[in-house]
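J.: Data: run-v2.cif, mmCIF, C-alpha atoms and all ligand atoms.
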data_query
#
loop_
_atom_site.label_atom_id
_atom_site.label_comp_id
_atom_site.auth_asym_id
_atom_site.auth_seq_id
_atom_site.Cartn_x
_atom_site.Cartn_y
_atom_site.Cartn_z
CA MET K 116 67.73 40.72 137.43
CA LYS K 117 68.70 41.44 133.83
CA LYS K 118 66.76 44.70 133.91
CA ILE K 119 68.50 45.90 137.04
CA PHE K 120 71.83 45.07 135.47
CA PHE K 121 71.07 47.24 132.47
CA ILE K 122 69.86 50.11 134.62
CA PHE K 123 73.11 49.85 136.52
CA LEU K 124 75.13 49.92 133.32
CA GLY K 125 73.10 52.86 132.06
CA THR K 126 73.77 54.78 135.24
CA LEU K 127 77.47 54.12 134.88
CA ALA K 128 77.36 55.47 131.32
CA LEU K 129 75.45 58.52 132.49
CA PHE K 130 78.06 59.37 135.04
CA GLY K 131 80.71 58.77 132.46
CA CYS K 132 82.43 55.88 134.19
CA SER K 133 84.82 54.11 131.84
CA ASN K 134 83.88 50.48 131.29
CA ASN K 135 87.02 48.58 132.16
CA ASP K 136 88.14 50.16 135.40
CA ASP K 137 86.79 52.40 138.09
CA GLU K 138 88.30 55.61 136.74
CA TYR K 139 85.79 58.34 136.00
CA VAL K 140 86.06 60.00 132.62
CA LYS K 141 85.62 63.72 132.87
CA ILE K 142 82.98 65.30 130.69
CA PRO K 143 84.83 67.49 128.15
CA THR K 144 84.89 71.16 129.14
CA ASN K 145 83.16 73.39 126.62
CA ILE K 146 84.99 76.40 125.25
CA ASN K 147 82.98 79.45 124.35
CA PHE K 148 84.09 80.77 120.99
CA ILE K 149 84.45 84.53 121.35
CA ASN K 150 84.32 86.35 118.05
CA PRO K 151 86.50 89.49 117.84
CA SER K 152 84.14 92.47 117.56
CA ASN K 153 85.69 93.68 114.30
CA PHE K 154 85.37 90.25 112.61
CA PRO K 155 82.53 88.73 110.56
CA ASP K 156 80.55 85.75 111.91
CA ILE K 157 82.42 82.47 111.74
CA ALA K 158 81.64 80.08 108.90
CA TYR K 159 82.67 76.87 110.68
CA ASP K 160 79.60 75.08 112.08
CA LEU K 161 80.45 74.61 115.75
CA SER K 162 77.13 72.85 116.41
CA LYS K 163 78.51 69.83 114.52
CA ASN K 164 81.84 69.91 116.35
CA PRO K 165 81.59 71.83 119.63
CA LEU K 166 84.88 73.16 120.93
CA THR K 167 86.11 71.56 124.13
CA GLU K 168 89.37 72.01 126.01
CA GLU K 169 90.12 68.31 125.57
CA GLY K 170 89.24 68.32 121.86
CA VAL K 171 91.52 71.29 121.22
CA ALA K 172 94.31 69.67 123.27
CA LEU K 173 94.02 66.48 121.20
CA GLY K 174 94.00 68.55 118.01
CA LYS K 175 97.19 70.30 119.06
CA GLU K 176 98.87 66.96 119.85
CA LEU K 177 97.88 65.67 116.39
CA PHE K 178 99.01 68.89 114.68
CA TYR K 179 102.52 68.35 116.04
CA GLU K 180 102.47 64.54 115.59
CA GLY K 181 105.07 63.17 113.18
CA LYS K 182 103.18 59.86 113.00
CA LEU K 183 100.72 61.51 110.64
CA SER K 184 103.43 61.07 107.98
CA SER K 185 105.08 57.96 106.52
CA SER K 186 108.50 59.07 107.77
CA ASN K 187 107.08 59.58 111.30
CA ILE K 188 108.86 62.96 111.28
CA VAL K 189 106.85 65.38 109.15
CA SER K 190 104.02 66.82 111.25
CA CYS K 191 101.60 69.54 110.22
CA GLY K 192 103.73 71.90 112.30
CA PHE K 193 106.79 70.97 110.22
CA CYS K 194 105.42 73.04 107.32
CA HIS K 195 103.23 75.33 109.40
CA GLU K 196 105.59 77.06 111.87
CA GLN K 197 104.15 79.46 114.41
CA LYS K 198 106.86 82.13 114.21
CA SER K 199 106.17 82.42 110.46
CA ALA K 200 102.40 82.70 110.94
CA PHE K 201 102.24 78.93 110.48
CA THR K 202 103.92 78.89 107.08
CA HIS K 203 107.08 76.98 106.11
CA HIS K 204 109.91 79.35 106.85
CA GLY K 205 112.51 79.59 104.10
CA HIS K 206 110.66 77.36 101.63
CA THR K 207 109.20 78.60 98.37
CA VAL K 208 107.15 75.46 97.73
CA SER K 209 106.19 72.72 100.15
CA HIS K 210 108.84 70.34 101.24
CA GLY K 211 107.64 67.10 102.78
CA VAL K 212 108.77 63.53 103.54
CA ASN K 213 112.09 62.44 102.04
CA SER K 214 112.56 66.05 100.96
CA ALA K 215 109.97 65.63 98.20
CA VAL K 216 108.90 69.00 96.84
CA GLY K 217 105.43 70.10 95.80
CA PHE K 218 104.49 73.10 93.72
CA ARG K 219 102.85 75.44 96.21
CA ASN K 220 103.87 77.68 99.07
CA ALA K 221 102.52 76.61 102.48
CA GLN K 222 99.66 78.86 103.52
CA PRO K 223 99.33 80.46 106.94
CA ILE K 224 96.98 78.77 109.39
CA GLN K 225 95.01 81.59 110.96
CA ASN K 226 91.36 82.64 111.06
CA LEU K 227 90.33 79.54 109.09
CA ALA K 228 87.06 79.40 111.05
CA TYR K 229 85.89 82.19 108.74
CA PHE K 230 86.45 80.23 105.52
CA THR K 231 84.48 77.58 103.68
CA GLU K 232 87.05 76.82 100.97
CA PHE K 233 90.69 76.01 101.55
CA THR K 234 94.05 75.91 99.75
CA TRP K 235 95.22 78.23 96.98
CA ASP K 236 92.67 76.82 94.53
CA GLY K 237 89.79 75.91 96.87
CA ALA K 238 90.22 72.15 96.42
CA ALA K 239 89.08 71.46 100.00
CA ILE K 240 85.53 72.53 100.80
CA HIS K 241 85.45 71.81 104.53
CA LEU K 242 88.05 72.41 107.21
CA ASP K 243 87.47 68.86 108.52
CA LEU K 244 88.44 67.44 105.12
CA GLN K 245 91.48 69.62 104.42
CA PRO K 246 94.07 67.58 106.40
CA ILE K 247 93.38 64.49 104.24
CA ILE K 248 95.19 66.28 101.40
CA PRO K 249 98.57 66.78 103.16
CA ILE K 250 98.37 63.40 104.94
CA THR K 251 97.91 61.47 101.69
CA SER K 252 99.85 63.69 99.27
CA ASP K 253 103.07 61.97 98.19
CA PHE K 254 105.05 65.20 98.42
CA GLU K 255 103.71 66.18 101.82
CA MET K 256 103.12 63.45 104.43
CA ASN K 257 102.86 60.51 102.00
CA GLU K 258 100.70 58.42 104.36
CA THR K 259 97.35 56.65 104.32
CA ILE K 260 94.56 57.31 106.82
CA PRO K 261 94.31 53.62 107.92
CA SER K 262 98.05 53.56 108.61
CA VAL K 263 97.86 56.79 110.64
CA LEU K 264 94.96 55.36 112.68
CA ALA K 265 96.93 52.15 113.30
CA LYS K 266 99.91 54.15 114.57
CA LEU K 267 97.72 56.27 116.85
CA ASN K 268 96.03 53.10 118.14
CA ALA K 269 99.41 51.65 119.03
CA ASP K 270 100.28 54.71 121.14
CA VAL K 271 98.68 54.55 124.62
CA LYS K 272 98.84 58.33 124.91
CA TYR K 273 96.13 58.64 122.26
CA ALA K 274 93.70 56.19 123.90
CA LYS K 275 93.60 58.58 126.85
CA LEU K 276 93.43 61.77 124.76
CA PHE K 277 90.63 60.47 122.52
CA GLU K 278 88.69 59.27 125.57
CA GLU K 279 89.01 62.67 127.23
CA ALA K 280 87.92 64.48 124.06
CA PHE K 281 85.19 62.17 122.80
CA GLY K 282 84.08 60.02 125.77
CA ASP K 283 85.65 56.71 124.78
CA GLN K 284 88.91 55.35 123.46
CA GLU K 285 87.82 54.70 119.89
CA ILE K 286 90.17 56.33 117.39
CA THR K 287 88.46 57.12 114.09
CA SER K 288 89.38 59.35 111.18
CA GLU K 289 86.30 61.49 111.89
CA ARG K 290 87.42 62.14 115.46
CA MET K 291 90.99 62.81 114.37
CA LEU K 292 89.84 65.33 111.77
CA LYS K 293 87.36 66.98 114.14
CA ALA K 294 90.06 67.40 116.78
CA LEU K 295 92.43 68.94 114.22
CA SER K 296 89.64 71.34 113.22
CA GLN K 297 88.94 72.26 116.83
CA PHE K 298 92.56 73.23 117.29
CA MET K 299 92.66 75.18 114.01
CA VAL K 300 89.35 76.94 114.77
CA THR K 301 90.92 78.40 117.92
CA MET K 302 93.86 79.82 115.90
CA ILE K 303 92.50 83.33 115.57
CA SER K 304 94.76 86.25 114.78
CA ALA K 305 92.92 89.42 115.81
CA ASN K 306 95.34 91.29 118.03
CA SER K 307 97.55 93.22 115.65
CA ASN K 308 98.01 96.96 116.01
CA TYR K 309 95.57 97.30 113.13
CA ASP K 310 92.92 95.52 115.22
CA LYS K 311 93.72 97.60 118.28
CA VAL K 312 93.37 100.82 116.30
CA THR K 313 90.12 99.55 114.73
CA ARG K 314 88.71 98.62 118.12
CA ASN K 315 90.07 101.71 119.89
CA GLU K 316 92.17 99.70 122.32
CA GLU K 317 95.24 100.51 124.40
CA ASN K 318 95.42 104.08 123.03
CA ILE K 319 97.27 102.77 119.99
CA THR K 320 97.20 105.00 116.91
CA PHE K 321 98.76 104.76 113.47
CA THR K 322 101.86 106.75 112.59
CA ALA K 323 101.52 109.25 109.74
CA SER K 324 103.18 106.75 107.39
CA GLU K 325 100.92 103.86 108.47
CA ASN K 326 97.90 106.10 108.02
CA ALA K 327 98.97 107.15 104.53
CA GLY K 328 99.60 103.46 103.74
CA LEU K 329 96.09 102.57 104.91
CA LYS K 330 94.62 105.18 102.53
CA THR K 331 96.61 103.81 99.59
CA PHE K 332 95.62 100.29 100.59
CA GLU K 333 91.93 101.19 100.66
CA ASN K 334 92.17 102.80 97.22
CA LYS K 335 94.38 100.30 95.44
CA CYS K 336 94.33 96.92 97.20
CA ALA K 337 91.17 96.50 99.27
CA SER K 338 88.96 95.65 96.29
CA CYS K 339 90.45 92.14 96.56
CA HIS K 340 92.17 92.11 99.98
CA SER K 341 88.98 93.31 101.66
CA GLY K 342 87.40 93.42 105.10
CA ALA K 343 88.73 92.23 108.44
CA LEU K 344 90.22 89.09 106.89
CA PHE K 345 91.95 91.05 104.12
CA THR K 346 90.50 88.81 101.43
CA ASP K 347 87.18 88.72 99.61
CA LYS K 348 87.77 84.93 99.29
CA SER K 349 87.39 85.10 95.52
CA TYR K 350 89.74 83.46 93.00
CA ARG K 351 91.57 86.00 90.86
CA ASN K 352 94.39 86.22 88.41
CA ASN K 353 96.57 89.11 89.61
CA GLY K 354 98.85 89.11 86.58
CA ILE K 355 101.46 86.85 88.10
CA PRO K 356 103.78 85.63 85.32
CA TYR K 357 103.55 81.94 84.39
CA ASN K 358 106.09 79.76 86.21
CA SER K 359 107.28 77.06 83.81
CA LYS K 360 109.04 75.20 86.65
CA PHE K 361 105.65 73.84 87.76
CA PRO K 362 103.66 72.80 84.68
CA GLU K 363 101.07 71.05 86.88
CA GLU K 364 100.02 74.42 88.31
CA GLU K 365 96.83 75.74 86.77
CA GLY K 366 95.37 77.60 89.75
CA ARG K 367 91.61 77.41 90.20
CA LYS K 368 91.30 75.57 86.86
CA ARG K 369 92.61 72.45 88.61
CA VAL K 370 89.36 72.40 90.59
CA SER K 371 86.77 73.89 88.21
CA GLY K 372 88.12 72.65 84.89
CA PHE K 373 87.24 76.04 83.35
CA ALA K 374 89.84 77.53 81.01
CA ASP K 375 88.99 81.01 82.37
CA ASP K 376 90.13 79.93 85.82
CA PHE K 377 93.70 79.29 84.70
CA TYR K 378 96.16 80.81 87.22
CA LYS K 379 93.41 82.23 89.41
CA PHE K 380 94.27 81.87 93.10
CA ARG K 381 92.28 82.52 96.24
CA VAL K 382 93.05 86.09 97.25
CA PRO K 383 95.33 85.55 100.27
CA SER K 384 94.73 87.19 103.63
CA LEU K 385 97.42 89.73 104.42
CA ARG K 386 97.36 89.25 108.17
CA ASN K 387 100.85 88.60 109.57
CA ILE K 388 102.18 89.15 106.05
CA GLU K 389 105.44 90.55 107.45
CA MET K 390 106.21 87.07 108.84
CA SER K 391 104.84 84.76 106.16
CA PHE K 392 107.39 85.30 103.39
CA PRO K 393 108.16 84.11 100.77
CA TYR K 394 105.08 85.30 98.90
CA MET K 395 102.58 84.17 96.25
CA HIS K 396 101.33 80.65 95.48
CA ASP K 397 104.84 79.49 94.58
CA GLY K 398 106.75 81.65 97.06
CA ARG K 399 108.55 83.47 94.25
CA PHE K 400 108.98 86.83 96.07
CA LYS K 401 111.11 87.09 99.19
CA THR K 402 110.14 90.59 100.29
CA LEU K 403 107.15 92.92 100.39
CA GLU K 404 109.19 95.39 98.31
CA ALA K 405 109.42 92.74 95.56
CA VAL K 406 105.66 92.15 95.78
CA LEU K 407 104.96 95.87 95.32
CA ASP K 408 107.47 96.12 92.45
CA PHE K 409 105.52 93.27 90.85
CA TYR K 410 102.23 95.16 91.29
CA THR K 411 103.66 98.30 89.62
CA ASP K 412 105.89 96.78 86.92
CA GLY K 413 105.73 92.99 86.84
CA MET K 414 102.27 91.96 85.67
CA THR K 415 102.02 89.96 82.46
CA GLU K 416 99.32 88.15 80.55
CA ASN K 417 101.34 84.99 79.96
CA GLY K 418 99.66 83.36 82.98
CA GLY K 419 96.09 83.67 81.72
CA VAL K 420 93.39 86.32 81.77
CA VAL K 421 94.30 89.04 84.26
CA ASP K 422 91.59 90.47 86.54
CA ALA K 423 89.90 93.37 84.71
CA SER K 424 90.36 95.67 87.71
CA LEU K 425 94.14 95.58 87.20
CA ARG K 426 94.00 97.21 83.78
CA LYS K 427 94.71 100.93 83.63
CA ALA K 428 92.82 103.46 81.50
CA ASP K 429 95.47 103.22 78.74
CA GLY K 430 95.02 99.43 78.55
CA SER K 431 98.30 98.50 80.21
CA LEU K 432 98.46 96.31 83.31
CA GLY K 433 99.52 97.29 86.81
CA ILE K 434 98.80 99.42 89.86
CA ASP K 435 100.45 102.84 89.98
CA LEU K 436 102.39 103.37 93.20
CA SER K 437 105.06 105.99 93.89
CA ALA K 438 108.15 105.10 95.93
CA GLU K 439 106.63 106.93 98.88
CA GLU K 440 103.34 105.09 98.54
CA LYS K 441 105.24 101.80 98.56
CA THR K 442 107.08 102.73 101.76
CA ASN K 443 103.85 103.74 103.44
CA LEU K 444 102.00 100.64 102.22
CA ILE K 445 104.65 98.42 103.75
CA ALA K 446 104.45 100.35 107.02
CA PHE K 447 100.70 99.76 106.99
CA LEU K 448 101.02 96.05 106.15
CA LYS K 449 103.32 95.62 109.14
CA THR K 450 100.52 96.83 111.43
CA LEU K 451 98.88 93.47 110.61
CA THR K 452 101.58 91.59 112.53
CA ASP K 453 99.97 90.01 115.57
CA ASN K 454 102.65 89.22 118.14
CA THR K 455 100.09 87.82 120.56
CA PHE K 456 99.15 85.18 117.99
CA LEU K 457 102.73 84.47 116.89
CA ASN K 458 103.80 83.84 120.49
CA ASP K 459 100.61 82.34 121.89
CA LYS K 460 101.57 79.34 124.03
CA ARG K 461 98.21 77.70 123.24
CA PHE K 462 99.42 77.13 119.68
CA ALA K 463 103.11 76.49 120.39
CA GLU K 464 104.74 73.11 119.81
CA PHE K 465 106.63 73.24 123.11
C1 LIG K 501 104.88 69.31 103.38
C2 LIG K 501 104.34 70.56 103.93
C3 LIG K 501 102.97 70.52 104.56
C4 LIG K 501 102.50 69.69 105.54
C5 LIG K 501 103.23 68.54 106.22
C6 LIG K 501 101.17 70.13 105.85
N1 LIG K 501 100.83 71.21 105.06
FE1 LIG K 501 99.12 72.28 105.18
N2 LIG K 501 99.65 73.28 103.51
C7 LIG K 501 100.83 73.11 102.81
C8 LIG K 501 100.73 73.75 101.51
C9 LIG K 501 101.80 73.77 100.45
C10 LIG K 501 99.43 74.31 101.44
C11 LIG K 501 98.80 74.97 100.22
C12 LIG K 501 98.18 73.79 99.47
C13 LIG K 501 97.52 74.11 98.16
O1 LIG K 501 97.19 75.25 97.91
O2 LIG K 501 97.30 73.17 97.38
C14 LIG K 501 98.79 74.01 102.72
C15 LIG K 501 97.50 74.42 103.05
C16 LIG K 501 96.87 74.10 104.26
C17 LIG K 501 95.58 74.60 104.68
C18 LIG K 501 94.70 75.57 103.90
C19 LIG K 501 94.83 76.95 104.44
C20 LIG K 501 93.94 77.93 103.74
O3 LIG K 501 94.05 79.14 104.01
O4 LIG K 501 93.12 77.53 102.89
C21 LIG K 501 95.30 74.03 105.89
C22 LIG K 501 94.06 74.22 106.73
C23 LIG K 501 96.41 73.16 106.21
N3 LIG K 501 97.35 73.25 105.21
C24 LIG K 501 96.46 72.38 107.34
C25 LIG K 501 97.39 71.35 107.49
C26 LIG K 501 97.27 70.29 108.47
C27 LIG K 501 96.17 70.16 109.49
C28 LIG K 501 98.34 69.46 108.29
C29 LIG K 501 98.65 68.17 109.00
C30 LIG K 501 97.65 67.13 108.89
C31 LIG K 501 99.14 70.04 107.21
N4 LIG K 501 98.53 71.17 106.75
C32 LIG K 501 100.35 69.52 106.78
C33 LIG K 501 101.94 72.45 103.28
C34 LIG K 501 101.90 71.46 104.25
C1 LIG K 502 92.57 91.95 91.55
C2 LIG K 502 92.73 91.52 92.91
C3 LIG K 502 93.94 92.00 93.69
C4 LIG K 502 94.36 93.31 93.93
C5 LIG K 502 93.71 94.60 93.48
C6 LIG K 502 95.53 93.20 94.76
N1 LIG K 502 95.83 91.89 95.01
FE1 LIG K 502 97.35 91.19 96.14
N2 LIG K 502 96.91 89.28 95.57
C7 LIG K 502 95.84 88.90 94.79
C8 LIG K 502 95.94 87.49 94.48
C9 LIG K 502 94.97 86.67 93.64
C10 LIG K 502 97.13 87.04 95.08
C11 LIG K 502 97.73 85.63 95.02
C12 LIG K 502 98.41 85.42 93.66
C13 LIG K 502 99.35 84.27 93.59
O1 LIG K 502 99.66 83.67 94.60
O2 LIG K 502 99.86 83.97 92.50
C14 LIG K 502 97.70 88.19 95.78
C15 LIG K 502 98.86 88.16 96.55
C16 LIG K 502 99.33 89.21 97.30
C17 LIG K 502 100.40 89.12 98.27
C18 LIG K 502 101.16 87.85 98.64
C19 LIG K 502 100.41 87.15 99.77
C20 LIG K 502 100.95 85.82 100.20
O3 LIG K 502 100.48 85.31 101.21
O4 LIG K 502 101.83 85.28 99.54
C21 LIG K 502 100.56 90.36 98.81
C22 LIG K 502 101.57 90.76 99.87
C23 LIG K 502 99.63 91.24 98.16
N3 LIG K 502 98.88 90.51 97.25
C24 LIG K 502 99.48 92.59 98.43
C25 LIG K 502 98.69 93.44 97.67
C26 LIG K 502 98.76 94.88 97.74
C27 LIG K 502 99.63 95.65 98.70
C28 LIG K 502 97.89 95.35 96.81
C29 LIG K 502 97.64 96.80 96.43
C30 LIG K 502 98.80 97.50 95.96
C31 LIG K 502 97.26 94.21 96.19
N4 LIG K 502 97.78 93.07 96.72
C32 LIG K 502 96.26 94.28 95.22
C33 LIG K 502 94.83 89.73 94.34
C34 LIG K 502 94.89 91.11 94.36
#
Would you write out, as structure tokens, the structure that this file holds?
T.:
Amino acid sequence: MKKIFFIFLGTLALFGCSNNDDEYVKIPTNINFINPSNFPDIAYDLSKNPLTEEGVALGKELFYEGKLSSSNIVSCGFCHEQKSAFTHHGHTVSHGVNSAVGFRNAQPIQNLAYFTEFTWDGAAIHLDLQPIIPITSDFEMNETIPSVLAKLNADVKYAKLFEEAFGDQEITSERMLKALSQFMVTMISANSNYDKVTRNEENITFTASENAGLKTFENKCASCHSGALFTDKSYRNNGIPYNSKFPEEEGRKRVSGFADDFYKFRVPSLRNIEMSFPYMHDGRFKTLEAVLDFYTDGMTENGGVVDASLRKADGSLGIDLSAEEKTNLIAFLKTLTDNTFLNDKRFAEF
């Protein structure tokens, strides 16, 4: 009798019947990750966290969930706004619960499936671990993981969403983080005019100015902002002057402890750069014109050892750019704006 009972239970589990009522739990629907043909292979290990429609849907709900913060208001989406390529529009440095301010500019959330290190200094070494930083940081969401889990447990909506994504109603930090990663892994920006030209799509071509800008970019910028992601993922000091307003900022040195890493930052991707102002790790520049003026005339050595490639033959620092080259460079950078991504309903809060 006992044996038959267990076989019966086993069969129920096989068919995915939930244990307390007669409702059938659907098996999550797998999503095939399609890599854009002009992109490198992804770095995120999908075998450990396969993408499913339900997992991504849960991740999106969590991304826009204020309960992840102590104020119950500040969600991930509060600082990562879609129209600004998932950066915090109008804020130089991050601005979290109770208007507490941090010391870094919110980074875009795009193409993170291709990275293995996150944040400006690489403090997070797995996408699944990254959200713990904003959730627990006192100037971001100022919460604790147990308290977040308790709040999610108290909300019936999440019992259903976790069950749909992971097969049962248990809400754990691992599942929460995996769902957030699933959502972020799907946030691929690969449909800018630059991509369309690269892939020969829709008969789109560059204007003369964009083309000239591309040439200048390849000669003077692509050594660091390289490849389809527009970053070689290295940590570099680009001659940015020291900002005494934020004495805690040391760049990569905060992670490595090496003096040489002072004020080195992960080379940022330039995709959607037109929309993700203000610029640099502390959001000090409002416009691309100001960024280019910095590259020609603003570099100093008061923020640590500047990347050797930025030294000219005469020993001075900077990248030579004429006014015309600057205009063309900006025209080219704007071809990296991906309106499909910026308006994609799959990523939108509402
Ligand atoms: C208060 C504003 C704020 C909130 C809320 C916030 N972030 Fe961020 N986010 C930032 C800032 C600032 C950085 C840069 C951090 C650094 O370099 O130390 C960042 C960086 C990141 C990165 C790294 C991107 C990269 O290219 O390496 C990811 C991923 C990320 N945030 C995801 C999230 C998720 C998921 C949540 C919600 C759990 C969240 N953020 C909540 C401000 C915020
Ligand atoms: C030696 C490597 C290097 C070279 C060459 C270089 N950059 Fe950068 N770039 C960086 C680093 C590192 C940062 C981030 C510095 C910081 O935040 O303080 C950056 C930041 C930027 C930003 C701001 C991005 C953001 O999200 O805030 C833009 C725009 C930019 N660079 C454009 C260019 C252009 C255009 C050129 C060529 C004229 C160029 N860069 C050449 C390393 C480089």
J.: Using only C-alpha atoms for the distances, tell me which of K:Ser391, K:Thr411, K:Ser324, K:Ile303 is nearest to K:Gly354.
T.: K:Thr411
J.: To box ligand LIG 502 (chain K), take all atoms listed in the file, fit an axis-aligned box, add 8 Å on each side, and give centre and edge lengths in Å to one decimal, as AutoDock Vina command-line options.
T.:
--center_x 97.2 --center_y 90.6 --center_z 96.4 --size_x 25.3 --size_y 29.8 --size_z 25.7
J.: K:Asp243, K:Glu258, K:Glu439, K:Glu404: which is nearest K:Gly174, counting all atoms listed in the file?
T.: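 Ranking K:Asp243, K:Glu258, K:Glu439, K:Glu404 by distance to K:Gly174, first place goes to K:Asp243.
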J.: Go through the chains and note each residue within 8 Å of ligand LIG 501 (chain K), using all atoms listed in the file, then give the set as a ChimeraX atom specification.
T.: /K:177-178,183-184,189-195,202-203,208-212,216-225,227,230,232-239,242,245-250,254-256,295-296,299,383,396
J.: If we count all atoms listed in the file and set the cut-off at 12 Å, which residues sit around K:Lys460, ignoring sequence neighbours fewer than 5 positions away in its own chain? Please answer as a PyMOL selection string.
T.: chain K and resi 175+197-198+302+454-455+465
J.: Taking into account all atoms listed in the file, which residue in the set K:Ser359, K:Asn352, K:Thr251, K:Ser162 is nearest to ligand LIG 502 (chain K)?
T.: K:Asn352
J.: Residues contacting ligand LIG 502 (chain K) - anything with an atom at most 7 Å away, using only C-alpha atoms and all ligand atoms - can you give me those as a ChimeraX atom specification?
T.: /K:222,332,335-340,350-353,355,379-385,388,391-398,403,406-407,410,422,424-425,434,444
J.: Could you check the closest approach to K:Glu196 for each of K:Phe447, K:Tyr179, K:Lys141, K:Tyr159 and tell me which residue wins, using all atoms listed in the file?
T.: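 Nearest candidate to K:Glu196 out of K:Phe447, K:Tyr179, K:Lys141, K:Tyr159: K:Tyr179.
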J.: I'd like the contact shell of K:Thr313 - 12 Å cut-off, all atoms listed in the file, skipping same-chain residues fewer than 3 positions apart - returned as a ChimeraX atom specification.
T.: /K:151-154,305-310,316-321,329,342-343,450-451
J.: Name the closest residue to K:Pro261 among the candidates K:Ser304, K:Phe281, K:Lys182, K:Ala463; distances are taken between atoms, counting all atoms listed in the file.
T.: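 When distances to K:Pro261 are compared using all atoms listed in the file, the smallest one comes from K:Lys182.
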J.: Of the candidates K:Asp160, K:Thr301, K:Tyr229, K:Asn315, which shows the shortest atom-to-atom distance to K:Asp347, using only C-alpha atoms?
T.: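 Nearest candidate to K:Asp347 out of K:Asp160, K:Thr301, K:Tyr229, K:Asn315: K:Tyr229.
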J.: Just how far from atom CA of K:Asn145 is atom CA of K:Leu161, in Å to one decimal?
T.: 11.3 Å
J.: Interatomic distance between atom CA of K:Val420 and atom CA of K:Phe377?
T.: 7.6 Å
J.: What is the atom CA of K:Ala294 to atom CA of K:Pro165 distance in Å?
T.: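 For atom CA of K:Ala294 relative to atom CA of K:Pro165, the distance reads 10.0 Å.
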